[in-house]
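**Q** Dumping the structure here so I can ask a few things about it.
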Amino acid sequence: MAKRLANVLSNTATITGERSAESIGRDVLGPIFAEYAQRLWLFQFSLPERDDACLLFCARGGLRLRVIYERFLAATGLQAPLPYDDIMISRLVAARTSIASPGPALVEELSREFDGQTMREVAVALTQEPVAELGSAWDQPFDPKMFVALLQEDALGVARMHATTSRLNAAFARHVEAVSHGCPRIILSDTGLYGSTLRLLRAGMPDKQWMSAQFARSNYKGFATPHFDGTVGISVERDGYMAWNARTTVLRFWQLIESALEPDLESVRTFNGASIPLANLQVPGWQDRISSNVPGLFTGILSYIDDLSSKDLPHVGMRAEEGWWQLRRLVIWPRRADVSLLSLPPRSRDFGRTEAVHQFPGTKPIRSSLWREGAIIQRYPRLGRGFLMLLEAAHTLRTLRKMYRKKYRKAACE
């Protein structure tokens, strides 16, 4: 243990000294994603039946997961157990599939995404079209029961909304059949965390048997988890951060993983009317933009994986463990240089919207930051380390309290 910790601290010091996002991608995230690729390969052998199943990598982050997976197989000489392809999908596309008969999966997702916004804004997101024909009731703040009732109204605007979503759903269904080659069992490969896409697809397209093999799985939303019976966190399965579990570090700064994996492409919103439809993401040259050569976290990950060979397979897990502890140091105890390296550009709110979300809060409270530890060091360069200690203590106390309550409730039920 002492030797491993010394190696971690030595490697991390080198990474910080280089002041390169690409070196972090290679030396920290590279081993982590090599383990992910190996575990994804092994997971497919755990399926009871594989003859009628395929693996589909979800746009956008999953498109780069596919590149990582393919490069890992090529470097190590392993063969893919299942046929695989890309699937042009997003939570918006998945939500649209159950708009004709909205249930808890759709309503809960919309309630969280559009909290404080109007039902008209929801309609615009779902259709990606102006909805001027909708009545004034749609201008009220989103309310689940009212939204479901409005969808059932016999009104021109509502009929047009259903016609648009029906057309887009039909195009998506043709796309699914094309990329899955008619397989009835589909395993989605995605980044994570909660698995909204899987839950929505199970509700909206029950003719297929859907599963999800995600990089990480976490019920951070606090929703019902009926889909967790078919949702696997390949690298991480935890609902909250634990100071003694380095893998849960991703839950403190999940956007770092997303930033490394999401190419410079739009989220999937619409499909054209072709017999084999194309999504709005599939612009000319879209595939080249997935494997961008611009130095950064992703190129560093690929550099690490390309240097592997079959001789490295027994050591993948051990090296990943060191990578996780290095990641924990960078995220939980960042230095000023780390904050500069890991500062991300504004991110889209997604779900059919174009508004941007900034990593750091500016003059707003630090709790509104996407990376609180980084925001603390940025705002308080001298006192930041002390504040990080207090924040870590608060997280640890909260985790222990939850564990005690869970154990107490379990004992009371026995």
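Within each chain, counting starts at residue 1; across the structure tokens, chains are named A, B, ... in the order shown, with ligands numbered 1 upward in that order.
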Go through stretch 68-315 of chain A and collect every residue that DSSP, computed from the backbone, puts in helix (DSSP H, G or I); the answer should be as a PyMOL selection string.

**A** chain A and resi 68-76+91-96+104-113+119-127+136-139+144-151+156-180+196-204+226-230+246-251+254-261+286-290+297-306+310-315

**Q** Write out the residues from the selection above, keeping C-alpha atoms, as a short mmCIF file (atom, residue, chain, number, x, y, z; two decimals), in the first residue's frame.

**A**
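part_25.cif, freshly written:
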data_model
loop_
_atom_site.label_atom_id
_atom_site.label_comp_id
_atom_site.auth_asym_id
_atom_site.auth_seq_id
_atom_site.Cartn_x
_atom_site.Cartn_y
_atom_site.Cartn_z
CA ILE A 68 -11.57 3.73 -26.84
CA TYR A 69 -13.09 0.24 -26.99
CA GLU A 70 -11.93 -0.37 -30.57
CA ARG A 71 -8.42 0.92 -29.92
CA PHE A 72 -8.17 -1.26 -26.79
CA LEU A 73 -9.20 -4.37 -28.75
CA ALA A 74 -6.75 -3.55 -31.52
CA ALA A 75 -3.87 -2.93 -29.10
CA THR A 76 -4.43 -6.07 -27.05
CA ARG A 91 -32.39 12.03 -23.56
CA LEU A 92 -34.55 14.31 -25.70
CA VAL A 93 -34.92 11.64 -28.40
CA ALA A 94 -35.66 8.98 -25.77
CA ALA A 95 -38.19 11.22 -23.99
CA ARG A 96 -40.04 11.84 -27.23
CA PRO A 104 -43.43 8.43 -14.56
CA ALA A 105 -40.17 8.09 -16.52
CA LEU A 106 -41.03 10.99 -18.83
CA VAL A 107 -42.79 13.20 -16.29
CA GLU A 108 -40.02 12.93 -13.68
CA GLU A 109 -37.34 13.72 -16.23
CA LEU A 110 -39.19 16.75 -17.59
CA SER A 111 -39.96 18.00 -14.07
CA ARG A 112 -36.28 17.99 -13.21
CA GLU A 113 -35.05 19.45 -16.50
CA MET A 119 -44.78 24.01 -20.51
CA ARG A 120 -44.46 25.84 -23.81
CA GLU A 121 -40.69 25.64 -23.44
CA VAL A 122 -41.04 21.89 -22.96
CA ALA A 123 -43.12 21.66 -26.14
CA VAL A 124 -40.52 23.64 -28.10
CA ALA A 125 -37.75 21.35 -26.85
CA LEU A 126 -39.65 18.19 -27.75
CA THR A 127 -40.68 19.32 -31.23
CA SER A 136 -52.22 30.24 -22.97
CA ALA A 137 -52.26 27.39 -20.44
CA TRP A 138 -48.94 26.24 -21.92
CA ASP A 139 -47.34 29.45 -20.64
CA PRO A 144 -46.68 17.26 -14.29
CA LYS A 145 -50.42 16.66 -13.98
CA MET A 146 -51.36 19.71 -16.03
CA PHE A 147 -48.81 18.82 -18.71
CA VAL A 148 -50.27 15.33 -19.13
CA ALA A 149 -53.78 16.82 -19.29
CA LEU A 150 -52.74 19.39 -21.90
CA LEU A 151 -51.26 16.66 -24.08
CA LEU A 156 -54.89 22.22 -33.27
CA GLY A 157 -51.58 23.08 -31.62
CA VAL A 158 -51.55 19.86 -29.60
CA ALA A 159 -52.38 17.81 -32.69
CA ARG A 160 -49.50 19.40 -34.58
CA MET A 161 -47.19 18.73 -31.66
CA HIS A 162 -48.13 15.04 -31.66
CA ALA A 163 -47.75 14.88 -35.44
CA THR A 164 -44.22 16.28 -35.23
CA THR A 165 -43.13 13.97 -32.41
CA SER A 166 -44.73 10.99 -34.16
CA ARG A 167 -42.78 11.74 -37.36
CA LEU A 168 -39.51 12.07 -35.46
CA ASN A 169 -40.22 8.90 -33.47
CA ALA A 170 -40.86 6.95 -36.66
CA ALA A 171 -37.54 8.13 -38.09
CA PHE A 172 -35.75 7.17 -34.90
CA ALA A 173 -37.36 3.72 -34.94
CA ARG A 174 -36.05 3.16 -38.49
CA HIS A 175 -32.63 4.29 -37.34
CA VAL A 176 -32.68 1.80 -34.44
CA GLU A 177 -33.61 -1.07 -36.74
CA ALA A 178 -30.80 -0.12 -39.12
CA VAL A 179 -27.99 0.12 -36.56
CA SER A 180 -29.15 -2.89 -34.50
CA SER A 196 -32.41 8.25 -18.04
CA THR A 197 -32.06 7.19 -21.67
CA LEU A 198 -32.57 3.53 -20.82
CA ARG A 199 -35.53 4.22 -18.54
CA LEU A 200 -37.22 6.36 -21.18
CA LEU A 201 -36.61 3.85 -23.98
CA ARG A 202 -38.03 1.02 -21.91
CA ALA A 203 -41.20 3.07 -21.49
CA GLY A 204 -41.41 4.33 -25.06
CA PRO A 226 -36.85 0.21 -11.92
CA HIS A 227 -34.34 0.27 -14.79
CA PHE A 228 -31.38 -0.48 -12.54
CA ASP A 229 -32.10 -4.19 -13.03
CA GLY A 230 -30.63 -3.70 -16.50
CA ALA A 246 -11.38 6.80 -5.10
CA ARG A 247 -13.75 5.71 -7.87
CA THR A 248 -16.52 7.88 -6.45
CA THR A 249 -14.38 10.92 -7.22
CA VAL A 250 -16.16 11.13 -10.56
CA LEU A 251 -19.34 12.09 -8.68
CA TRP A 254 -18.57 14.33 -13.42
CA GLN A 255 -18.28 17.05 -16.05
CA LEU A 256 -14.57 16.23 -16.38
CA ILE A 257 -15.44 12.77 -17.71
CA GLU A 258 -18.12 14.20 -19.98
CA SER A 259 -15.76 16.85 -21.31
CA ALA A 260 -13.13 14.25 -22.19
CA LEU A 261 -15.67 12.08 -24.00
CA TRP A 286 -18.73 14.22 -38.16
CA GLN A 287 -16.75 11.01 -37.73
CA ASP A 288 -13.43 12.83 -38.04
CA ARG A 289 -14.47 15.18 -35.25
CA ILE A 290 -14.92 12.25 -32.86
CA LEU A 297 -7.67 14.77 -22.32
CA PHE A 298 -9.03 12.48 -25.04
CA THR A 299 -5.87 12.36 -27.13
CA GLY A 300 -3.98 11.53 -23.96
CA ILE A 301 -6.35 8.64 -23.23
CA LEU A 302 -5.87 7.24 -26.73
CA SER A 303 -2.10 7.64 -26.50
CA TYR A 304 -2.05 5.46 -23.40
CA ILE A 305 -4.33 2.80 -24.88
CA ASP A 306 -2.44 2.64 -28.19
CA SER A 310 -1.61 -8.28 -24.84
CA LYS A 311 1.14 -8.50 -22.21
CA ASP A 312 -0.48 -5.60 -20.34
CA LEU A 313 -3.86 -7.31 -19.84
CA PRO A 314 -3.04 -8.80 -16.40
CA HIS A 315 -1.95 -5.37 -15.13
#

**Q** If we count only C-alpha atoms and set the cut-off at 12 Å, which residues sit around A:Arg336, ignoring sequence neighbours fewer than 2 positions away in its own chain? Please answer as a list in words.

**A** Thr16, Gly17, Arg19, Leu330, Val331, Trp333, Pro334, Asp338, Val339, Ser340, Leu341, Leu342, Ser343, Glu373, Gly374, Ala375, Ile376, Ile377, Gln378, Arg379, Tyr380, Pro381, Arg382, Gly384 and Arg385 of chain A

**Q** Grab the atom CA of A:Lys208 to atom CA of A:Leu265 distance for me, in Å with one decimal place.

**A**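 About the pair atom CA of A:Lys208 and atom CA of A:Leu265: they are 27.6 Å apart.
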
**Q** Grab the atom CA of A:Thr363 to atom CA of A:Pro346 distance for me, in Å with one decimal place.

**A**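 Those two atoms sit 15.9 Å apart.
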
**Q** From the options A:Arg319, A:Arg269, A:Arg50, A:Arg185, which residue's atoms come nearest to A:Trp210, counting only C-alpha atoms?

**A** A:Arg185

**Q** Name all residues at most 7 Å from A:Leu281 (count only C-alpha atoms; drop same-chain ones fewer than 6 positions away) and give them as a short mmCIF file (atom, residue, chain, number, x, y, z; two decimals) with N, CA, C and O atoms, in the first residue's frame.

**A**
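So result.cif came out as:
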data_model
loop_
_atom_site.label_atom_id
_atom_site.label_comp_id
_atom_site.auth_asym_id
_atom_site.auth_seq_id
_atom_site.Cartn_x
_atom_site.Cartn_y
_atom_site.Cartn_z
N LEU A 265 -19.62 18.09 -31.35
CA LEU A 265 -20.79 17.81 -32.18
C LEU A 265 -22.05 18.15 -31.38
O LEU A 265 -22.05 18.06 -30.15
N GLU A 266 -23.09 18.51 -32.09
CA GLU A 266 -24.34 18.84 -31.41
C GLU A 266 -24.99 17.60 -30.82
O GLU A 266 -24.80 16.48 -31.32
N SER A 267 -25.76 17.80 -29.78
CA SER A 267 -26.58 16.72 -29.25
C SER A 267 -27.64 16.34 -30.28
O SER A 267 -28.08 17.19 -31.07
N VAL A 268 -28.05 15.08 -30.29
CA VAL A 268 -29.06 14.63 -31.26
C VAL A 268 -30.42 15.20 -30.89
O VAL A 268 -30.89 15.02 -29.77
#

**Q** Suppose you want the space between atom CA of A:Gly386 and atom CA of A:Ser20; what is it in Å?

**A**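 Taking atom CA of A:Gly386 as the start and atom CA of A:Ser20 as the end point, the length is 26.2 Å.
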
**Q** Using only C-alpha atoms, which of A:Cys183, A:Ala59, A:Leu29, A:Leu40 sits nearest A:Arg328?

**A**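 Checking each of A:Cys183, A:Ala59, A:Leu29, A:Leu40 against A:Arg328, counting only C-alpha atoms, the winner is A:Leu29.
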
**Q** Any idea what's packed within 7 Å of stretch 213-218 of chain A, counting only C-alpha atoms, ignoring anything in its chain fewer than 3 positions away? Could you give it as a compact mmCIF listing (two decimals) with all heavy atoms, in the first residue's frame?

**A**
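And here's out26.txt as it stands now:
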# COMPACT_ATOMS: atom_id res chain seq x y z
N TYR A 36 -11.93 0.31 -18.16
CA TYR A 36 -13.33 0.34 -18.63
C TYR A 36 -13.49 -0.54 -19.86
O TYR A 36 -14.43 -1.35 -19.95
CB TYR A 36 -13.75 1.77 -18.95
CG TYR A 36 -14.94 1.83 -19.88
CD1 TYR A 36 -16.23 1.69 -19.40
CD2 TYR A 36 -14.76 1.98 -21.27
CE1 TYR A 36 -17.32 1.69 -20.26
CE2 TYR A 36 -15.85 2.00 -22.12
CZ TYR A 36 -17.12 1.85 -21.62
OH TYR A 36 -18.19 1.84 -22.47
N ILE A 187 -27.91 -3.53 -26.04
CA ILE A 187 -27.14 -3.05 -24.89
C ILE A 187 -26.58 -1.68 -25.26
O ILE A 187 -25.81 -1.56 -26.21
CB ILE A 187 -26.00 -4.00 -24.54
CG1 ILE A 187 -26.54 -5.40 -24.26
CG2 ILE A 187 -25.21 -3.49 -23.34
CD1 ILE A 187 -25.47 -6.47 -24.22
N LEU A 188 -27.00 -0.66 -24.55
CA LEU A 188 -26.51 0.68 -24.80
C LEU A 188 -25.20 0.89 -24.05
O LEU A 188 -25.09 0.53 -22.87
CB LEU A 188 -27.53 1.72 -24.33
CG LEU A 188 -28.92 1.68 -24.98
CD1 LEU A 188 -29.83 2.70 -24.31
CD2 LEU A 188 -28.82 1.94 -26.47
N SER A 189 -24.22 1.45 -24.71
CA SER A 189 -22.98 1.84 -24.05
C SER A 189 -22.95 3.36 -23.98
O SER A 189 -22.97 4.04 -25.00
CB SER A 189 -21.76 1.32 -24.82
OG SER A 189 -20.57 1.74 -24.19
N ASP A 190 -22.96 3.87 -22.75
CA ASP A 190 -23.08 5.31 -22.55
C ASP A 190 -22.18 5.72 -21.40
O ASP A 190 -21.59 4.88 -20.72
CB ASP A 190 -24.54 5.68 -22.27
CG ASP A 190 -24.88 7.11 -22.65
OD1 ASP A 190 -23.96 7.87 -23.01
OD2 ASP A 190 -26.07 7.47 -22.60
N THR A 191 -22.12 7.02 -21.15
CA THR A 191 -21.28 7.53 -20.08
C THR A 191 -21.95 7.30 -18.71
O THR A 191 -21.37 6.73 -17.82
CB THR A 191 -20.98 9.01 -20.30
OG1 THR A 191 -22.21 9.73 -20.51
CG2 THR A 191 -20.09 9.19 -21.52
N GLY A 192 -23.16 7.75 -18.52
CA GLY A 192 -23.87 7.64 -17.24
C GLY A 192 -24.50 8.99 -16.92
O GLY A 192 -24.51 9.88 -17.76
N LEU A 193 -25.10 9.16 -15.80
CA LEU A 193 -24.98 8.39 -14.57
C LEU A 193 -26.26 7.61 -14.22
O LEU A 193 -26.23 6.43 -13.93
CB LEU A 193 -24.66 9.35 -13.40
CG LEU A 193 -23.31 10.07 -13.44
CD1 LEU A 193 -23.29 11.26 -12.49
CD2 LEU A 193 -22.22 9.13 -13.05
N TYR A 194 -27.39 8.32 -14.22
CA TYR A 194 -28.63 7.71 -13.76
C TYR A 194 -29.22 6.71 -14.74
O TYR A 194 -29.89 5.76 -14.37
CB TYR A 194 -29.65 8.83 -13.47
CG TYR A 194 -31.05 8.35 -13.18
CD1 TYR A 194 -31.35 7.67 -12.00
CD2 TYR A 194 -32.08 8.60 -14.09
CE1 TYR A 194 -32.64 7.24 -11.74
CE2 TYR A 194 -33.38 8.18 -13.83
CZ TYR A 194 -33.64 7.50 -12.65
OH TYR A 194 -34.93 7.08 -12.40
N THR A 231 -29.18 -1.93 -15.70
CA THR A 231 -28.20 -0.85 -15.83
C THR A 231 -26.95 -1.21 -15.04
O THR A 231 -27.02 -1.41 -13.83
CB THR A 231 -28.77 0.48 -15.31
OG1 THR A 231 -30.02 0.75 -15.93
CG2 THR A 231 -27.81 1.63 -15.59
N VAL A 232 -25.84 -1.30 -15.73
CA VAL A 232 -24.58 -1.69 -15.10
C VAL A 232 -23.60 -0.53 -15.17
O VAL A 232 -23.42 0.07 -16.24
CB VAL A 232 -23.98 -2.92 -15.79
CG1 VAL A 232 -22.63 -3.28 -15.18
CG2 VAL A 232 -24.94 -4.10 -15.69
N GLY A 233 -22.99 -0.20 -14.05
CA GLY A 233 -21.90 0.76 -14.03
C GLY A 233 -20.60 0.00 -14.22
O GLY A 233 -20.12 -0.66 -13.29
N ILE A 234 -20.02 0.05 -15.40
CA ILE A 234 -18.85 -0.77 -15.72
C ILE A 234 -17.67 -0.42 -14.80
O ILE A 234 -16.97 -1.32 -14.30
CB ILE A 234 -18.44 -0.59 -17.19
CG1 ILE A 234 -19.55 -1.10 -18.13
CG2 ILE A 234 -17.12 -1.29 -17.48
CD1 ILE A 234 -19.77 -2.60 -18.05
N SER A 235 -17.46 0.85 -14.55
CA SER A 235 -16.33 1.28 -13.72
C SER A 235 -16.73 1.72 -12.32
O SER A 235 -15.94 1.57 -11.38
CB SER A 235 -15.56 2.42 -14.41
OG SER A 235 -14.99 1.99 -15.62
N VAL A 236 -17.94 2.28 -12.18
CA VAL A 236 -18.37 2.82 -10.89
C VAL A 236 -19.86 2.53 -10.70
O VAL A 236 -20.65 2.73 -11.62
CB VAL A 236 -18.15 4.36 -10.81
CG1 VAL A 236 -18.48 4.87 -9.41
CG2 VAL A 236 -16.75 4.74 -11.22
N GLU A 237 -20.21 2.09 -9.49
CA GLU A 237 -21.61 1.95 -9.09
C GLU A 237 -21.76 2.45 -7.65
O GLU A 237 -21.57 1.71 -6.70
CB GLU A 237 -22.09 0.50 -9.20
CG GLU A 237 -22.41 0.05 -10.61
CD GLU A 237 -23.13 -1.31 -10.62
OE1 GLU A 237 -23.31 -1.91 -9.54
OE2 GLU A 237 -23.48 -1.78 -11.73
N ARG A 238 -22.06 3.71 -7.49
CA ARG A 238 -22.27 4.30 -6.18
C ARG A 238 -23.24 5.47 -6.32
O ARG A 238 -23.24 6.17 -7.33
CB ARG A 238 -20.96 4.82 -5.57
CG ARG A 238 -20.04 3.73 -5.03
CD ARG A 238 -20.62 3.04 -3.80
NE ARG A 238 -19.68 2.09 -3.21
CZ ARG A 238 -19.54 0.83 -3.59
NH1 ARG A 238 -20.26 0.38 -4.61
NH2 ARG A 238 -18.68 0.04 -2.98
N ASP A 239 -24.04 5.69 -5.29
CA ASP A 239 -25.01 6.79 -5.34
C ASP A 239 -24.46 8.08 -4.76
O ASP A 239 -25.12 9.12 -4.83
CB ASP A 239 -26.29 6.40 -4.59
CG ASP A 239 -27.09 5.34 -5.32
OD1 ASP A 239 -26.85 5.16 -6.53
OD2 ASP A 239 -27.95 4.70 -4.70

**Q** Find, counting only C-alpha atoms, the residue in A:Asp307, A:Glu129, A:Asp264, A:Glu321 that gets nearest to A:Ser292.

**A**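 Closest to A:Ser292 of all the choices is A:Asp264.
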
**Q** Show me, as a list of chain:residue names, the residues that have an atom within 7 Å of A:Val28 when counting only C-alpha atoms, minus same-chain residues fewer than 2 positions from it.

**A** A:Ile24, A:Gly25, A:Arg26, A:Gly30, A:Pro31, A:Ile32, A:Gly323, A:Gln326, A:Leu327

**Q** For A:Arg398, which of A:Tyr241, A:Gln152, A:His358, A:Leu56 is the closest residue, counting only C-alpha atoms?

**A** A:Tyr241
